[in-house]
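Asks: Mind having a look at this structure? Questions to follow.
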Amino acid sequence: MAPPPVSKADVEDAIEFYAEVLCLTHWTITLTFNGVDKDTWATIDCAYEYRRADLAINLENMTSQKIMHKKVVHELMHCVLSPLCNVVMNYVTDSGAVKTLINQQEFVVTHLEQMPIWEHITPPRRKTRKK
Ligand SMILES: [Zn+2]
């Protein structure tokens with residue numbers, strides 16, 4: 001049987017690499033592979049004031065290295081934008097406006113994730129892999 005297209009170690013390597021690219025090395029990013037809906041790639045909960053984030057990855061939905069890289073970039077972009085998003089959320093009390101802000105945040109983060117620059121910035125693959 002062929003190994004899965006993306007291993008936990010691949011995700012760990014990608015997080016380490018993109019955290020450096022995005023100047024997030026002073027953050028503590030805690031990775032889990034549990035608690036993500038089956039239709040979701042990943043979720044992140046950022047606490048920028050503590051430079052911490054809880055990142056959950058659904059490994060089953062990472063059907064290629066390319067998809068995994070895009071989703072790691074996407075989730076880490078939430079960390080980059082979290083100071084702005086959190087301060088805006090603190091001043092908005094209308095639930096409709098909060099929903100709009102969340103959608104706008106996803107729009108921006110997805111735009112950043114899809115920028116062609118990421119095609120040119122890919123982490124090196126590990127030379128030796130555990131089977
Ligand atoms: Zn998102």
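Each chain of the structure tokens is named A, B, ... in the order shown, its residues numbered from 1; ligands are numbered from 1 in display order.
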Which residues are near ligand 1 in this structure, taking near to mean any atom at most 10 Å from a ligand atom and counting only C-alpha atoms and all ligand atoms? Format them as a list of chain:residue names.
Replies: A:Trp41, A:Ala42, A:Thr43, A:Ile44, A:Lys71, A:Val73, A:His74, A:Glu75, A:Leu76, A:Met77, A:His78, A:Ile102, A:Asn103, A:Gln105, A:Glu106, A:Phe107, A:Val108, A:Val109, A:Thr110, A:Glu113
Asks: Using only C-alpha atoms, which residues sit within 9 Å of stretch 45-47 of chain A once same-chain residues fewer than 6 positions away are excluded, as a CSV table (one decimal) with N, CA and C atoms, in the first residue's frame?
Replies:
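Output contents, as saved in out.csv:
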```csv
chain,number,residue,atom,x,y,z
A,29,ILE,N,3.2,27.7,18.0
A,29,ILE,CA,2.1,27.1,17.3
A,29,ILE,C,2.0,25.6,17.7
A,53,ALA,N,-0.8,30.0,18.9
A,53,ALA,CA,-1.9,29.6,18.1
A,53,ALA,C,-2.1,28.1,18.2
A,54,ASP,N,-3.3,27.7,18.2
A,54,ASP,CA,-3.7,26.2,18.2
A,54,ASP,C,-4.1,25.9,16.8
A,55,LEU,N,-3.3,25.1,16.1
A,55,LEU,CA,-3.6,24.7,14.7
A,55,LEU,C,-4.0,23.3,14.7
A,56,ALA,N,-5.2,23.0,14.0
A,56,ALA,CA,-5.7,21.6,13.9
A,56,ALA,C,-5.8,21.3,12.4
A,78,HIS,N,-3.8,33.7,9.1
A,78,HIS,CA,-4.7,34.2,10.2
A,78,HIS,C,-3.9,34.7,11.4
A,79,CYS,N,-2.8,34.1,11.7
A,79,CYS,CA,-1.9,34.7,12.8
A,79,CYS,C,-1.5,36.1,12.4
A,82,SER,N,-4.3,38.4,12.7
A,82,SER,CA,-5.1,38.4,14.0
A,82,SER,C,-5.1,39.7,14.8
A,83,PRO,N,-4.0,40.4,14.9
A,83,PRO,CA,-4.1,41.7,15.7
A,83,PRO,C,-5.2,42.6,15.1
```
Asks: Could you jot down the atom CA of A:Phe33 to atom CA of A:Arg52 separation for me, Å, one decimal place?
Replies: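 Computing it gives 17.2 Å between the two atoms.
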Asks: Have a look at A:His26, A:Thr63, A:Tyr48, A:Asn34 and name the one nearest to A:Ser7; count only C-alpha atoms.
Replies: A:Thr63
Asks: Pick out each residue of chain A that DSSP on the backbone tags as alpha helix (DSSP H); I need them as an MDAnalysis selection string.
Replies: chainID A and resid 8:21 65:91 95:113 117:120
Asks: With distances taken over only C-alpha atoms, which of A:Val6, A:Ile15, A:Cys23, A:Leu81 is nearest to A:Leu112?
Replies: A:Leu81
Asks: Go through A:Leu101, A:Val36, A:Met68, A:Met62 and flag the residue nearest A:Thr122, using only C-alpha atoms for the distances.
Replies: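 For A:Thr122, the nearest of the given residues is A:Met68.
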